[in-house]
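The next block is protein.txt, given as compact mmCIF, C-alpha atoms (C1' of nucleotides).
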```
# COMPACT_ATOMS: atom_id res chain seq x y z
CA MET A 1 -2.30 -5.84 1.78
CA GLY A 2 -0.72 -7.56 -1.15
CA LEU A 3 1.43 -7.23 -4.24
CA THR A 4 -0.11 -5.41 -7.18
CA ARG A 5 0.20 -6.65 -10.73
CA LYS A 6 3.03 -4.22 -11.28
CA GLY A 7 5.06 -6.00 -8.63
CA GLU A 8 4.12 -9.41 -9.87
CA TYR A 9 5.04 -8.48 -13.46
CA ALA A 10 8.32 -6.91 -12.44
CA ILE A 11 9.33 -10.08 -10.65
CA ARG A 12 8.38 -12.26 -13.60
CA GLY A 13 10.36 -10.08 -15.96
CA MET A 14 13.40 -9.86 -13.73
CA VAL A 15 13.46 -13.60 -13.12
CA TYR A 16 13.29 -14.12 -16.86
CA LEU A 17 16.27 -11.81 -17.34
CA ALA A 18 18.08 -13.62 -14.56
CA ARG A 19 17.71 -16.85 -16.50
CA GLN A 20 19.43 -15.41 -19.58
CA GLU A 21 23.09 -15.39 -20.36
CA PRO A 22 24.45 -12.53 -18.21
CA GLY A 23 24.75 -9.26 -20.11
CA LYS A 24 22.78 -10.40 -23.08
CA LEU A 25 20.25 -7.79 -24.16
CA ILE A 26 16.68 -8.99 -24.42
CA LEU A 27 13.81 -7.18 -26.08
CA VAL A 28 10.96 -6.15 -23.84
CA ASN A 29 8.59 -7.75 -26.33
CA GLU A 30 10.23 -11.09 -25.88
CA ILE A 31 10.10 -10.82 -22.11
CA ALA A 32 6.51 -9.72 -22.12
CA GLU A 33 5.43 -12.49 -24.39
CA THR A 34 7.13 -15.32 -22.59
CA VAL A 35 6.20 -14.25 -19.05
CA ASP A 36 2.72 -13.38 -20.25
CA VAL A 37 2.25 -9.73 -19.37
CA PRO A 38 1.06 -6.84 -21.57
CA GLN A 39 4.05 -5.46 -23.50
CA SER A 40 3.31 -1.77 -23.07
CA PHE A 41 2.83 -2.22 -19.38
CA LEU A 42 6.03 -4.18 -18.94
CA ALA A 43 7.87 -1.56 -20.97
CA LYS A 44 6.73 1.09 -18.49
CA ILE A 45 7.74 -1.07 -15.57
CA PHE A 46 11.18 -1.71 -16.99
CA GLN A 47 11.60 1.98 -17.64
CA GLY A 48 11.37 2.46 -13.92
CA LEU A 49 13.68 -0.42 -13.15
CA THR A 50 16.23 1.11 -15.50
CA ARG A 51 15.97 4.52 -13.89
CA LEU A 52 16.59 2.93 -10.53
CA GLY A 53 19.59 1.04 -11.82
CA LEU A 54 18.30 -2.50 -11.44
CA VAL A 55 18.55 -3.19 -15.15
CA ARG A 56 20.57 -1.56 -17.88
CA SER A 57 19.08 -0.83 -21.27
CA SER A 58 20.19 -0.03 -24.77
CA ARG A 59 18.17 1.56 -27.52
CA GLY A 60 18.05 0.98 -31.22
CA ALA A 61 18.63 -2.15 -33.24
CA GLY A 62 20.14 -4.87 -31.12
CA GLY A 63 19.04 -3.07 -28.02
CA GLY A 64 17.07 -4.40 -25.08
CA PHE A 65 17.38 -5.00 -21.37
CA ALA A 66 19.75 -6.91 -19.12
CA LEU A 67 20.26 -7.12 -15.38
CA ALA A 68 22.54 -4.36 -14.15
CA ARG A 69 24.16 -6.69 -11.61
CA PRO A 70 24.58 -10.44 -11.22
CA ALA A 71 21.30 -12.16 -10.37
CA ALA A 72 22.72 -13.34 -7.08
CA GLU A 73 23.21 -9.74 -6.02
CA ILE A 74 19.69 -8.51 -6.66
CA SER A 75 17.20 -9.21 -3.92
CA LEU A 76 13.50 -9.76 -4.27
CA ARG A 77 13.00 -6.83 -1.95
CA GLU A 78 14.87 -4.49 -4.27
CA VAL A 79 12.66 -5.45 -7.18
CA ILE A 80 9.45 -5.11 -5.22
CA GLU A 81 10.32 -1.82 -3.60
CA ALA A 82 11.48 -0.43 -6.93
CA VAL A 83 8.02 -0.73 -8.38
CA GLU A 84 5.74 -0.69 -5.35
CA GLY A 85 7.56 1.75 -3.14
CA PRO A 86 8.89 0.98 0.31
CA ILE A 87 7.31 -1.92 2.14
CA CYS A 88 5.12 -0.35 4.77
CA ALA A 89 2.62 -2.03 7.05
CA ASN A 90 0.80 1.19 7.87
CA ARG A 91 1.03 4.76 6.69
CA CYS A 92 1.58 5.82 10.27
CA VAL A 93 5.03 4.27 10.29
CA ILE A 94 6.20 6.38 7.37
CA ASP A 95 3.98 9.41 7.56
CA ALA A 96 4.06 10.83 11.08
CA SER A 97 1.15 13.17 10.41
CA PHE A 98 -1.12 10.18 10.02
CA CYS A 99 -0.68 8.79 13.49
CA ASP A 100 0.21 11.24 16.20
CA ARG A 101 -3.17 11.49 17.83
CA SER A 102 -2.61 12.02 21.53
CA GLY A 103 1.10 11.54 21.08
CA ASN A 104 1.59 7.83 21.56
CA CYS A 105 0.44 4.94 19.43
CA THR A 106 0.69 1.49 20.97
CA VAL A 107 0.34 -0.29 17.63
CA HIS A 108 3.32 1.47 16.14
CA PRO A 109 5.95 -1.01 17.37
CA VAL A 110 3.93 -3.86 15.91
CA TRP A 111 4.06 -2.31 12.46
CA HIS A 112 7.78 -1.97 12.79
CA ARG A 113 8.17 -5.61 13.69
CA VAL A 114 6.02 -6.64 10.73
CA GLN A 115 7.98 -4.49 8.31
CA ASN A 116 11.30 -5.72 9.53
CA GLN A 117 10.28 -9.34 9.26
CA VAL A 118 8.94 -8.94 5.75
CA ARG A 119 11.93 -6.96 4.62
CA GLY A 120 14.22 -9.54 6.14
CA ILE A 121 12.60 -12.38 4.27
CA LEU A 122 12.57 -10.50 0.97
CA ASP A 123 16.17 -9.37 1.46
CA GLY A 124 17.19 -12.97 1.86
CA VAL A 125 15.93 -14.07 -1.52
CA SER A 126 17.93 -13.25 -4.65
CA LEU A 127 16.87 -13.45 -8.26
CA ALA A 128 19.39 -16.23 -8.73
CA GLU A 129 17.58 -18.35 -6.17
CA LEU A 130 14.30 -17.79 -7.99
CA CYS A 131 15.67 -19.31 -11.17
CA ASP A 132 15.53 -22.81 -9.71
CA MET B 1 1.17 -3.29 0.62
CA GLY B 2 -0.26 -1.66 3.70
CA LEU B 3 -3.26 -1.19 5.92
CA THR B 4 -6.13 0.89 4.57
CA ARG B 5 -7.91 3.47 6.63
CA LYS B 6 -10.65 0.98 7.31
CA GLY B 7 -8.16 -1.25 9.07
CA GLU B 8 -6.59 1.62 10.91
CA TYR B 9 -9.99 2.91 12.06
CA ALA B 10 -11.16 -0.53 13.14
CA ILE B 11 -8.08 -0.93 15.31
CA ARG B 12 -8.51 2.50 16.87
CA GLY B 13 -12.13 1.79 17.65
CA MET B 14 -11.49 -1.65 19.05
CA VAL B 15 -8.65 -0.46 21.24
CA TYR B 16 -10.93 2.26 22.56
CA LEU B 17 -13.55 -0.34 23.42
CA ALA B 18 -10.89 -2.50 25.03
CA ARG B 19 -10.06 0.38 27.35
CA GLN B 20 -13.63 0.60 28.64
CA GLU B 21 -15.17 -1.25 31.52
CA PRO B 22 -15.88 -4.72 30.05
CA GLY B 23 -19.41 -5.16 28.80
CA LYS B 24 -20.28 -1.50 28.98
CA LEU B 25 -22.08 -0.33 25.87
CA ILE B 26 -20.53 2.64 24.10
CA LEU B 27 -22.13 4.76 21.41
CA VAL B 28 -20.46 4.71 18.04
CA ASN B 29 -20.56 8.51 18.06
CA GLU B 30 -18.50 8.62 21.20
CA ILE B 31 -15.97 6.18 19.81
CA ALA B 32 -15.73 8.00 16.50
CA GLU B 33 -15.26 11.35 18.14
CA THR B 34 -12.58 10.35 20.60
CA VAL B 35 -10.54 8.23 18.18
CA ASP B 36 -11.04 10.84 15.49
CA VAL B 37 -12.64 8.99 12.60
CA PRO B 38 -15.80 9.89 10.60
CA GLN B 39 -18.84 8.61 12.51
CA SER B 40 -20.74 7.20 9.54
CA PHE B 41 -17.70 5.36 8.37
CA LEU B 42 -16.95 3.89 11.75
CA ALA B 43 -20.59 2.86 12.07
CA LYS B 44 -20.24 0.86 8.86
CA ILE B 45 -17.02 -0.70 10.05
CA PHE B 46 -18.53 -1.71 13.35
CA GLN B 47 -21.52 -3.18 11.56
CA GLY B 48 -19.11 -5.61 9.97
CA LEU B 49 -17.29 -6.31 13.20
CA THR B 50 -20.63 -7.12 14.82
CA ARG B 51 -21.63 -9.46 12.03
CA LEU B 52 -18.35 -11.30 12.44
CA GLY B 53 -18.83 -11.59 16.17
CA LEU B 54 -15.93 -9.44 17.32
CA VAL B 55 -18.21 -6.95 19.06
CA ARG B 56 -21.74 -7.21 20.31
CA SER B 57 -24.24 -4.42 19.82
CA SER B 58 -27.53 -3.26 21.19
CA ARG B 59 -29.98 -0.89 19.57
CA GLY B 60 -32.20 1.78 20.98
CA ALA B 61 -31.71 4.06 23.92
CA GLY B 62 -28.85 2.94 26.07
CA GLY B 63 -27.54 0.85 23.20
CA GLY B 64 -24.08 0.84 21.72
CA PHE B 65 -21.12 -1.47 21.21
CA ALA B 66 -18.91 -3.58 23.43
CA LEU B 67 -16.25 -6.19 22.81
CA ALA B 68 -17.79 -9.63 22.37
CA ARG B 69 -14.88 -11.27 24.22
CA PRO B 70 -12.28 -10.15 26.73
CA ALA B 71 -9.69 -7.85 25.17
CA ALA B 72 -6.97 -10.35 25.95
CA GLU B 73 -8.67 -12.90 23.73
CA ILE B 74 -9.00 -10.75 20.62
CA SER B 75 -5.93 -10.60 18.44
CA LEU B 76 -4.85 -7.77 16.22
CA ARG B 77 -4.97 -10.19 13.32
CA GLU B 78 -8.63 -10.93 13.90
CA VAL B 79 -9.49 -7.27 13.80
CA ILE B 80 -7.48 -6.59 10.68
CA GLU B 81 -8.69 -9.61 8.76
CA ALA B 82 -12.27 -8.86 9.75
CA VAL B 83 -12.19 -5.59 7.87
CA GLU B 84 -9.48 -6.08 5.27
CA GLY B 85 -9.94 -9.71 4.40
CA PRO B 86 -7.31 -12.41 4.80
CA ILE B 87 -3.71 -11.28 4.91
CA CYS B 88 -2.24 -12.22 1.59
CA ALA B 89 1.16 -11.34 0.17
CA ASN B 90 0.19 -12.08 -3.41
CA ARG B 91 -3.00 -13.05 -5.14
CA CYS B 92 -1.25 -16.11 -6.48
CA VAL B 93 -1.16 -17.67 -3.03
CA ILE B 94 -4.93 -17.53 -2.67
CA ASP B 95 -6.13 -17.53 -6.24
CA ALA B 96 -4.52 -20.40 -8.11
CA SER B 97 -5.71 -19.12 -11.47
CA PHE B 98 -3.46 -16.10 -11.10
CA CYS B 99 -0.20 -17.98 -10.92
CA ASP B 100 -0.10 -21.31 -12.67
CA ARG B 101 1.79 -20.23 -15.72
CA SER B 102 3.90 -23.17 -16.77
CA GLY B 103 2.94 -25.04 -13.63
CA ASN B 104 5.61 -24.05 -11.14
CA CYS B 105 6.25 -20.73 -9.48
CA THR B 106 9.50 -20.34 -7.60
CA VAL B 107 8.33 -17.25 -5.71
CA HIS B 108 5.34 -19.01 -4.26
CA PRO B 109 7.11 -20.40 -1.16
CA VAL B 110 8.42 -16.93 -0.37
CA TRP B 111 4.90 -15.51 -0.22
CA HIS B 112 3.92 -18.27 2.12
CA ARG B 113 6.78 -17.51 4.43
CA VAL B 114 5.89 -13.81 4.42
CA GLN B 115 2.26 -14.47 5.18
CA ASN B 116 3.01 -16.85 7.98
CA GLN B 117 5.42 -14.43 9.61
CA VAL B 118 3.00 -11.54 9.44
CA ARG B 119 0.11 -13.62 10.66
CA GLY B 120 2.24 -14.93 13.48
CA ILE B 121 3.16 -11.47 14.67
CA LEU B 122 -0.39 -10.18 14.45
CA ASP B 123 -1.73 -13.29 16.17
CA GLY B 124 0.61 -12.64 19.04
CA VAL B 125 -0.74 -9.21 19.83
CA SER B 126 -4.03 -8.87 21.70
CA LEU B 127 -6.17 -5.80 22.15
CA ALA B 128 -5.38 -5.93 25.84
CA GLU B 129 -1.69 -5.46 25.09
CA LEU B 130 -2.48 -2.46 22.94
CA CYS B 131 -4.13 -0.66 25.83
CA ASP B 132 -0.79 0.00 27.50
C1' DG C 1 -45.92 4.68 21.09
C1' DT C 2 -42.12 7.39 21.03
C1' DA C 3 -37.34 8.41 21.14
C1' DC C 4 -33.12 6.51 20.41
C1' DA C 5 -29.38 3.94 18.23
C1' DA C 6 -27.74 0.28 15.45
C1' DG C 7 -28.54 -2.35 10.70
C1' DA C 8 -28.89 -2.23 5.84
C1' DG C 9 -28.46 -0.50 1.48
C1' DA C 10 -27.86 2.99 -2.12
C1' DC C 11 -25.00 6.39 -3.75
C1' DA C 12 -20.86 9.17 -4.93
C1' DA C 13 -16.33 11.61 -5.06
C1' DA C 14 -11.52 10.64 -5.18
C1' DA C 15 -7.66 7.92 -5.57
C1' DA C 16 -5.23 3.89 -7.17
C1' DC C 17 -4.77 0.31 -10.52
C1' DG C 18 -3.99 -1.48 -15.00
C1' DA C 19 -3.13 -0.54 -18.85
C1' DT C 20 -2.56 1.81 -24.00
C1' DC C 21 -0.90 5.12 -27.37
C1' DT C 22 1.90 8.61 -29.31
C1' DT C 23 5.90 11.15 -29.69
C1' DT C 24 10.73 11.69 -28.71
C1' DT C 25 15.42 10.30 -28.14
C1' DG C 26 19.32 7.74 -28.92
C1' DG C 27 22.04 3.94 -31.12
C1' DG C 28 23.27 1.02 -35.45
C1' DT C 29 23.29 0.21 -40.27
C1' DT C 30 23.72 1.33 -44.88
C1' DA D 1 23.49 11.65 -43.86
C1' DA D 2 19.43 8.93 -44.03
C1' DC D 3 17.02 5.36 -42.02
C1' DC D 4 15.44 1.74 -39.18
C1' DC D 5 15.02 0.05 -34.61
C1' DA D 6 13.96 -0.04 -29.73
C1' DA D 7 13.79 2.18 -25.36
C1' DA D 8 12.26 6.85 -22.81
C1' DA D 9 8.84 9.91 -21.70
C1' DG D 10 4.49 11.58 -21.18
C1' DA D 11 -0.53 11.89 -21.98
C1' DT D 12 -4.65 9.59 -21.67
C1' DC D 13 -8.24 6.47 -20.18
C1' DG D 14 -11.41 2.86 -18.35
C1' DT D 15 -12.08 0.13 -14.10
C1' DT D 16 -11.83 -0.92 -9.43
C1' DT D 17 -11.06 0.21 -4.70
C1' DT D 18 -11.11 3.34 -1.21
C1' DT D 19 -13.39 6.49 1.65
C1' DG D 20 -16.88 8.09 2.81
C1' DT D 21 -22.26 9.97 3.21
C1' DC D 22 -27.26 9.60 3.39
C1' DT D 23 -31.65 7.61 4.00
C1' DC D 24 -34.57 4.31 5.56
C1' DT D 25 -35.55 0.33 8.44
C1' DT D 26 -35.49 -2.40 12.52
C1' DG D 27 -35.12 -3.36 17.18
C1' DT D 28 -34.99 -1.76 22.21
C1' DA D 29 -36.11 0.77 26.37
C1' DC D 30 -38.91 3.81 28.72
```

Can you dump the structure from the file as structure tokens?
Amino acid sequence: MGLTRKGEYAIRGMVYLARQEPGKLILVNEIAETVDVPQSFLAKIFQGLTRLGLVRSSRGAGGGFALARPAAEISLREVIEAVEGPICANRCVIDASFCDRSGNCTVHPVWHRVQNQVRGILDGVSLAELCD
Amino acid sequence: MGLTRKGEYAIRGMVYLARQEPGKLILVNEIAETVDVPQSFLAKIFQGLTRLGLVRSSRGAGGGFALARPAAEISLREVIEAVEGPICANRCVIDASFCDRSGNCTVHPVWHRVQNQVRGILDGVSLAELCD
DNA sequence: GTACAAGAGACAAAAACGATCTTTTGGGTT
DNA sequence: AACCCAAAAGATCGTTTTTGTCTCTTGTAC
């Protein structure tokens, strides 16, 4: 019932990128150092973000990472779900096999409401807004 | 970012109790069997619920568990927080030491909004409503 | 005082979390 | 072409949390 460090770190890193001159490539070491997260771990996290198309990367000298889209067009939800998986109040909402005892679950609709609210809030916040 | 089995089991058990004649003591074995959760585990969970005053218990022959208050006066949030701890979007909202890098965190207010929304929804649902 | 059922606490396997390290791949430079 | 540089990929690894189980104790009713 809460963000893991992976999520927290991803947000820190992405907000840092969002504060840079758009398109400018930044080394993962620099990001890691200034937002205070372990470099190797952040590297892994950014690998995933790259694969999912949230950031673009370039290898070799002069390489690094940059946001794949303008900061105003990347939502907090995208970042979180990229590293943590889909926001889900209870397994039963995603995984039907977990819940269908006796056919009907009265709590089910509550989980849906929770998810939708959370997603809505997180959708409404962009990286640009988090730059202050 | 989701309920654990403990939370899920606690809800199942409490809803089952809420469906019984008020005040009637039910054996944990019966509860466990009909809501389909491991008995020993549910026993542990209910131990905690008793300690926190959500259910009352009686030992010995004819003992068992019953809701400590009317089902309409026990919220889903109470049950969840009793077993999972306080609902918290990010450690940084509860544990200041986790977040105060450079003093100000722009994401902080978002976590608060998320928490309040979730808590609000869960506060608004009582066990009675979950009985259908 | 005996049977019964919850309370308490120790223990343990399995999964998730939080990294770290090494090797590979690809891009620039000389 | 040879060589650095930095990300990509994958293996590994210690710690914590989850998900239980088991045993023993305590309290209650008959």

| request: Using all atoms listed in the file, select each residue of chain D with any atom at most 12 Å away from an atom of chain A, and give the selection as a ChimeraX atom specification. | output: /D:3-10

Could you make a table, as a tab-separated table, of the residues of chain A that have an atom within 9 Å of an atom of chain B, each with its nearest atom pair and distance in Å to one decimal, counting all atoms listed in the file, in chain and number order?
```
residue	atom	partner	partner_atom	distance
A:Met1	CA	B:Met1	CA	4.5
A:Gly2	CA	B:Ala89	CA	4.4
A:Leu3	CA	B:Asn90	CA	5.1
A:Thr4	CA	B:Asn90	CA	7.7
A:Glu8	CA	B:Asn90	CA	8.0
A:Ile11	CA	B:Val107	CA	8.8
A:Val35	CA	B:Arg101	CA	8.1
A:Asp36	CA	B:Arg101	CA	8.3
A:Glu84	CA	B:Met1	CA	8.0
A:Gly85	CA	B:Met1	CA	9.0
A:Pro86	CA	B:Met1	CA	8.8
A:Ile87	CA	B:Met1	CA	6.5
A:Cys88	CA	B:Gly2	CA	5.6
A:Ala89	CA	B:Gly2	CA	4.4
A:Asn90	CA	B:Leu3	CA	5.1
A:Arg91	CA	B:Gly2	CA	7.2
A:Arg101	CA	B:Val35	CA	8.1
A:Cys105	CA	B:Leu130	CA	8.7
A:Thr106	CA	B:Leu130	CA	5.4
A:Val107	CA	B:Leu130	CA	6.4
A:Val110	CA	B:Ile121	CA	7.7
A:Arg113	CA	B:Ile121	CA	7.8
A:Val114	CA	B:Val118	CA	5.9
A:Gln115	CA	B:Val118	CA	8.7
A:Gln117	CA	B:Gln117	CA	7.0
A:Val118	CA	B:Val114	CA	5.9
A:Ile121	CA	B:Val114	CA	6.9
A:Leu122	CA	B:Val110	CA	7.8
A:Val125	CA	B:Val110	CA	8.1
A:Glu129	CA	B:Thr106	CA	8.4
A:Leu130	CA	B:Thr106	CA	5.4
A:Cys131	CA	B:Thr106	CA	7.2
A:Asp132	CA	B:Thr106	CA	6.8
```

| message | Tell me as a ChimeraX atom specification which residues belonging to chain C come within 12 Å of chain B, counting all atoms listed in the file. | response | /C:2-9

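Residues in contact with stretch 15-24 of chain C at 9 Å, where all atoms listed in the file are counted and same-chain residues fewer than 5 positions away are skipped, are listed as Thr4, Arg5, Lys6, Pro38, Ser40 and Phe41 of chain A; DA8, DA9, DG10, DA11, DT12, DC13, DG14, DT15, DT16, DT17 and DT18 of chain D.
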
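Reported to one decimal place, the separation of atom CA of B:Ala82 from atom CA of B:Leu52 is 7.1 Å.
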
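Atom pair atom CA of B:Leu54 / atom CA of B:Gly13 has a distance of 11.9 Å (rounded to one decimal).
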
| query | Which distance in Å separates atom CA of A:Tyr16 and atom C1' of C:DT29, to one decimal? | reply | 29.2 Å

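The list of residues with at least one atom within 12 Å of C:DA12, based on all atoms listed in the file and without residues fewer than 6 positions apart in the same chain, reads DT18, DT19, DG20, DT21 and DC22 of chain D.
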